[in-house]
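What follows is the content of query-v2.txt (compact mmCIF, C-alpha atoms).
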```txt
# COMPACT_ATOMS: atom_id res chain seq x y z
CA MET W 1 74.72 -103.51 -69.45
CA THR W 2 74.73 -107.27 -69.63
CA LEU W 3 74.97 -109.19 -72.89
CA GLN W 4 73.46 -112.65 -73.32
CA LYS W 5 73.52 -114.91 -76.38
CA LEU W 6 70.10 -116.23 -77.33
CA SER W 7 69.45 -119.69 -78.76
CA ILE W 8 69.23 -118.29 -82.31
CA SER W 9 72.64 -117.88 -83.93
CA GLY W 10 73.65 -114.19 -83.88
CA ALA W 11 70.74 -113.00 -81.70
CA TYR W 12 71.45 -111.30 -78.38
CA LEU W 13 69.66 -109.89 -75.36
CA LEU W 14 71.12 -106.69 -73.90
CA THR W 15 69.88 -105.63 -70.48
CA HIS W 16 70.42 -102.08 -69.26
CA ARG W 17 69.90 -100.62 -65.81
CA VAL W 18 66.58 -98.90 -65.19
CA PHE W 19 66.41 -95.85 -62.95
CA PRO W 20 62.90 -95.41 -61.52
CA ASP W 21 61.89 -92.52 -59.27
CA GLU W 22 58.77 -90.54 -58.35
CA ARG W 23 58.69 -89.01 -61.86
CA GLY W 24 58.73 -92.34 -63.73
CA LEU W 25 61.86 -93.99 -65.08
CA PHE W 26 64.95 -93.49 -67.20
CA ARG W 27 66.91 -96.07 -69.18
CA GLU W 28 69.28 -96.27 -72.09
CA TRP W 29 68.32 -98.61 -74.91
CA PHE W 30 70.95 -98.06 -77.59
CA LYS W 31 74.68 -97.41 -77.53
CA ALA W 32 76.67 -97.89 -80.72
CA GLU W 33 79.71 -99.21 -78.86
CA GLU W 34 77.61 -101.93 -77.16
CA VAL W 35 76.07 -103.06 -80.44
CA GLY W 36 79.58 -102.99 -81.92
CA LEU W 37 80.45 -105.87 -79.57
CA ILE W 38 77.85 -107.92 -81.46
CA ASP W 39 78.06 -106.54 -85.01
CA LYS W 40 80.81 -104.06 -85.88
CA SER W 41 79.11 -103.18 -89.17
CA PHE W 42 75.69 -102.27 -87.70
CA SER W 43 74.74 -98.75 -88.69
CA VAL W 44 71.31 -97.23 -88.05
CA LYS W 45 69.50 -96.45 -91.30
CA GLN W 46 65.93 -96.18 -89.99
CA ALA W 47 64.05 -95.87 -86.68
CA ASN W 48 60.50 -97.22 -86.35
CA HIS W 49 57.74 -97.01 -83.74
CA SER W 50 54.56 -99.07 -83.53
CA HIS W 51 51.71 -98.75 -81.07
CA SER W 52 49.41 -101.73 -80.66
CA LYS W 53 46.41 -102.73 -78.59
CA GLN W 54 46.12 -105.74 -76.28
CA THR W 55 46.22 -109.20 -77.96
CA VAL W 56 47.64 -107.78 -81.21
CA ILE W 57 50.07 -110.07 -83.02
CA ARG W 58 52.49 -108.44 -85.45
CA GLY W 59 54.77 -110.49 -87.67
CA ILE W 60 56.49 -112.66 -88.61
CA HIS W 61 58.46 -110.13 -90.70
CA TYR W 62 61.91 -110.18 -92.30
CA SER W 63 63.78 -108.48 -95.13
CA LEU W 64 65.72 -109.84 -98.09
CA ALA W 65 67.43 -106.48 -98.71
CA PRO W 66 70.77 -107.16 -100.47
CA GLN W 67 72.68 -105.28 -97.75
CA GLY W 68 70.81 -107.21 -95.03
CA GLN W 69 68.61 -105.84 -92.29
CA ALA W 70 69.50 -106.37 -88.65
CA LYS W 71 67.21 -104.90 -85.99
CA ILE W 72 67.50 -103.61 -82.45
CA VAL W 73 64.14 -103.84 -80.66
CA THR W 74 62.77 -102.70 -77.30
CA CYS W 75 59.41 -102.00 -75.70
CA ALA W 76 58.99 -98.30 -74.86
CA SER W 77 55.66 -98.67 -73.06
CA GLY W 78 53.51 -101.59 -71.99
CA ARG W 79 54.51 -105.27 -72.15
CA ILE W 80 55.01 -107.67 -75.06
CA VAL W 81 56.28 -111.13 -75.81
CA ASP W 82 58.79 -110.70 -78.60
CA VAL W 83 59.17 -113.69 -80.94
CA LEU W 84 62.16 -114.50 -83.12
CA VAL W 85 62.21 -117.34 -85.66
CA ASP W 86 65.38 -118.34 -87.46
CA LEU W 87 64.25 -118.54 -91.10
CA ARG W 88 67.79 -118.68 -92.54
CA ILE W 89 68.34 -121.81 -94.61
CA GLY W 90 71.65 -123.36 -93.53
CA SER W 91 71.68 -121.73 -90.10
CA PRO W 92 72.66 -124.00 -87.19
CA SER W 93 69.54 -122.73 -85.41
CA PHE W 94 67.20 -122.94 -88.45
CA MET W 95 63.54 -122.96 -87.32
CA LYS W 96 64.44 -122.28 -83.69
CA VAL W 97 61.86 -120.05 -81.98
CA GLU W 98 62.90 -117.69 -79.18
CA TYR W 99 60.55 -115.80 -76.85
CA VAL W 100 61.64 -112.73 -74.89
CA GLU W 101 59.39 -110.71 -72.60
CA LEU W 102 59.99 -106.99 -73.04
CA SER W 103 58.46 -104.17 -71.05
CA GLU W 104 59.05 -100.48 -70.55
CA ASP W 105 60.72 -101.12 -67.19
CA SER W 106 62.69 -104.29 -68.01
CA GLY W 107 65.74 -102.60 -69.53
CA LYS W 108 65.80 -105.36 -72.16
CA VAL W 109 66.78 -104.85 -75.80
CA ILE W 110 67.07 -107.53 -78.50
CA PHE W 111 69.58 -107.61 -81.34
CA ILE W 112 68.06 -109.52 -84.27
CA PRO W 113 70.46 -110.51 -87.04
CA THR W 114 69.70 -110.34 -90.75
CA GLY W 115 67.32 -113.07 -91.94
CA VAL W 116 65.73 -113.83 -88.58
CA GLY W 117 61.94 -113.42 -88.58
CA HIS W 118 60.44 -111.11 -85.98
CA GLY W 119 57.04 -110.55 -84.43
CA PHE W 120 55.42 -109.86 -81.09
CA PHE W 121 52.27 -110.27 -79.00
CA VAL W 122 50.90 -107.44 -76.84
CA GLU W 123 50.12 -108.54 -73.27
CA SER W 124 49.31 -105.15 -71.72
CA GLU W 125 46.36 -102.88 -72.54
CA SER W 126 48.58 -101.33 -75.22
CA ALA W 127 52.27 -101.27 -76.04
CA ALA W 128 54.75 -99.16 -77.97
CA VAL W 129 57.61 -100.97 -79.65
CA VAL W 130 60.58 -99.10 -81.09
CA TYR W 131 63.30 -100.49 -83.27
CA LEU W 132 66.33 -99.47 -85.25
CA THR W 133 67.19 -101.13 -88.56
CA SER W 134 70.46 -101.42 -90.45
CA SER W 135 68.74 -100.76 -93.79
CA GLY W 136 65.79 -98.63 -94.78
CA TYR W 137 62.33 -99.83 -95.74
CA ALA W 138 62.43 -101.40 -99.22
CA PRO W 139 58.97 -102.72 -100.19
CA ASP W 140 60.30 -105.14 -102.83
CA TYR W 141 62.42 -106.91 -100.19
CA GLU W 142 60.04 -106.90 -97.21
CA LYS W 143 58.63 -110.37 -96.51
CA ALA W 144 56.36 -112.06 -94.00
CA ILE W 145 55.30 -115.54 -92.94
CA CYS W 146 51.78 -116.08 -91.58
CA PRO W 147 52.26 -115.94 -87.79
CA THR W 148 49.77 -118.75 -87.19
CA ASP W 149 51.41 -121.19 -89.62
CA PRO W 150 51.65 -124.41 -87.54
CA GLN W 151 54.98 -125.27 -89.20
CA LEU W 152 56.58 -122.29 -87.43
CA GLY W 153 55.65 -123.83 -84.08
CA ILE W 154 54.99 -120.51 -82.36
CA ASN W 155 52.97 -120.75 -79.14
CA TRP W 156 51.45 -117.28 -79.04
CA PRO W 157 50.48 -116.49 -75.43
CA ILE W 158 46.86 -115.66 -76.23
CA PRO W 159 44.73 -115.93 -73.06
CA GLU W 160 42.09 -118.65 -73.15
CA GLY W 161 38.84 -117.36 -74.61
CA GLU W 162 40.59 -114.48 -76.42
CA LEU W 163 41.39 -114.09 -80.10
CA GLY W 164 44.58 -112.49 -81.28
CA VAL W 165 44.20 -109.42 -83.49
CA ILE W 166 46.22 -109.92 -86.68
CA SER W 167 46.31 -107.73 -89.78
CA LYS W 168 44.94 -109.03 -93.06
CA ALA W 169 48.42 -108.68 -94.57
CA ASP W 170 49.88 -110.99 -91.90
CA THR W 171 47.07 -113.58 -91.99
CA GLU W 172 47.35 -113.71 -95.80
CA ALA W 173 51.15 -113.88 -95.77
CA PRO W 174 52.68 -117.05 -97.23
CA THR W 175 53.21 -120.11 -95.09
CA LEU W 176 56.73 -121.31 -94.42
CA ALA W 177 56.32 -124.02 -97.08
CA GLN W 178 55.12 -121.46 -99.65
CA ALA W 179 58.03 -119.12 -98.88
CA LYS W 180 60.49 -122.00 -99.19
CA GLU W 181 58.95 -123.14 -102.48
CA SER W 182 59.05 -119.61 -103.93
CA GLY W 183 62.68 -119.13 -102.85
CA THR W 184 61.94 -116.22 -100.51
CA LEU W 185 63.55 -117.59 -97.36
CA PRO W 186 66.86 -116.00 -96.39
CA VAL W 187 70.11 -117.94 -96.56
CA PHE W 188 72.55 -118.07 -93.64
```
Mind turning the file's structure into structure tokens?
Amino acid sequence: MTLQKLSISGAYLLTHRVFPDERGLFREWFKAEEVGLIDKSFSVKQANHSHSKQTVIRGIHYSLAPQGQAKIVTCASGRIVDVLVDLRIGSPSFMKVEYVELSEDSGKVIFIPTGVGHGFFVESESAAVVYLTSSGYAPDYEKAICPTDPQLGINWPIPEGELGVISKADTEAPTLAQAKESGTLPVF
């Protein structure tokens, strides 16, 4: 496993070896002791799986749960561009956007710290994304920013002539300015 700091404070890319053979492939994607090098207090409280079609955009999501919500994300099948946005007021990397390509055979896993917004774009025909969270789903604390808000500065890799598929909930999510005004941005 290799560990690389990303440009967003507290975010990391872990890369594991992939073992392909005539049957397919095998790879590890989570080891508590490896995550402990990043965040000693990370404890898995929930595991999630999403399956999405090509050109789907999910996000930008974050949680304001009092205990925080860090995430560990990987792509189990297909290929995505994972997008992180530092939404934490007072963070040295506030408003920094980070893009990481993840695929089933890349061996890549992202550690996303509490308060960092997360989303992704599906490049392949379909993709399965799995992630572990340090706190369970709490509807009152789950937040989103509209992924196409120009103030975020995200360059979604939508092929020319295509339209991204975005849920109504995400397109109607507040803008960054609205979230800031309502006091629903996380604090570093």
Q. Using all atoms listed in the file, which of the listed residues (W:Asp21, W:Asp82, W:Asp149, W:Asp105) sits closest to Ala177 in chain W?
A.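 Under the stated criterion, the closest residue is W:Asp149.
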If we count all atoms listed in the file, what is near Ser167 in chain W at a cut-off of 12 Å, once residues fewer than 3 positions away on the same chain are taken out, given as a compact mmCIF listing (two decimals) with C-alpha atoms, keeping the file's coordinate frame?
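Wrote it out as part-v3.txt, contents follow:
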```
# COMPACT_ATOMS: atom_id res chain seq x y z
CA SER W 52 49.41 -101.73 -80.66
CA THR W 55 46.22 -109.20 -77.96
CA VAL W 56 47.64 -107.78 -81.21
CA ILE W 57 50.07 -110.07 -83.02
CA ARG W 58 52.49 -108.44 -85.45
CA GLY W 59 54.77 -110.49 -87.67
CA ILE W 60 56.49 -112.66 -88.61
CA ALA W 144 56.36 -112.06 -94.00
CA CYS W 146 51.78 -116.08 -91.58
CA PRO W 147 52.26 -115.94 -87.79
CA THR W 148 49.77 -118.75 -87.19
CA GLY W 164 44.58 -112.49 -81.28
CA ASP W 170 49.88 -110.99 -91.90
CA THR W 171 47.07 -113.58 -91.99
CA GLU W 172 47.35 -113.71 -95.80
CA ALA W 173 51.15 -113.88 -95.77
```
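Checking W:Ala65, W:Val187, W:Val165, W:Ile112 one by one against Leu6 in chain W, counting all atoms listed in the file, you find the shortest gap at W:Ile112.
The space separating CA of Ile72 in chain W from CA of Phe30 in chain W comes to 8.1 Å.
Of the listed residues W:Tyr12, W:Trp29, W:Phe19, W:Tyr99, the one whose atoms come nearest to Tyr131 in chain W is W:Trp29, with distances taken using all atoms listed in the file.
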Q.
Considering only C-alpha atoms, can you say which of W:Lys108, W:Asp86, W:Lys53, W:Tyr141 comes closest to Ala127 in chain W?
A.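 The closest residue to Ala127 in chain W is W:Lys53.
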Q. Which of these residues is nearest to Gln54 in chain W, using all atoms listed in the file: W:Met95, W:Leu37, W:Leu176, W:Val81?
A.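 Of all the options, W:Val81 lies closest to Gln54 in chain W.
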Q. Could you work out how far CA of Lys180 in chain W lies from CA of Phe121 in chain W, giving the answer in Å with one decimal?
A.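 Distance reported for this atom pair: 24.8 Å.
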Q) Which is closer to Arg17 in chain W than all the others in W:Val73, W:Val109, W:Leu84, W:Val97, using only C-alpha atoms? A)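 Residue with the minimum atom-to-atom distance to Arg17 in chain W: W:Val109.
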Q) Near Phe42 in chain W, within 9 Å and counting all atoms listed in the file, which residues show up once chain neighbours fewer than 4 positions away are dropped, as a list in words? A)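 Listing them by chain and then by number gives Ala32, Val35, Gly36, Ile38, Ala70, Thr133 and Ser134 of chain W.
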Nearby residues (all atoms listed in the file) at most 8 Å from Ile8 in chain W, same-chain spacing under 2 positions excluded, as a PDB file with C-alpha atoms, in the frame of the given file:
```pdb
ATOM      1  CA  LEU W   6      70.100-116.230 -77.330  1.00  0.00           C
ATOM      2  CA  GLY W  10      73.650-114.190 -83.880  1.00  0.00           C
ATOM      3  CA  ALA W  11      70.740-113.000 -81.700  1.00  0.00           C
ATOM      4  CA  VAL W  85      62.210-117.340 -85.660  1.00  0.00           C
ATOM      5  CA  ASP W  86      65.380-118.340 -87.460  1.00  0.00           C
ATOM      6  CA  SER W  93      69.540-122.730 -85.410  1.00  0.00           C
ATOM      7  CA  PHE W  94      67.200-122.940 -88.450  1.00  0.00           C
ATOM      8  CA  LYS W  96      64.440-122.280 -83.690  1.00  0.00           C
ATOM      9  CA  VAL W  97      61.860-120.050 -81.980  1.00  0.00           C
ATOM     10  CA  GLU W  98      62.900-117.690 -79.180  1.00  0.00           C
TER      11      GLU W  98
END
```
Q: In Å, rounded to a single decimal, give me how far CA of Glu142 in chain W is from CA of Asp39 in chain W.
A: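 Between CA of Asp39 in chain W and CA of Glu142 in chain W the gap works out to 21.8 Å.
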Q | For His51 in chain W: contacts at 12 Å, all atoms listed in the file, fewer than 4 positions along chain excluded, given as JSON, numbers by chain | A | {"W": [56, 57, 58, 75, 76, 77, 78, 79, 80, 120, 121, 122, 124, 125, 126, 127, 128, 129, 130, 131]}
Q. Neighbours of Gly115 in chain W within 7 Å (all atoms listed in the file; same-chain residues fewer than 6 positions away dropped), as a PyMOL selection string?
A. chain W and resi 62-63+87-88+186
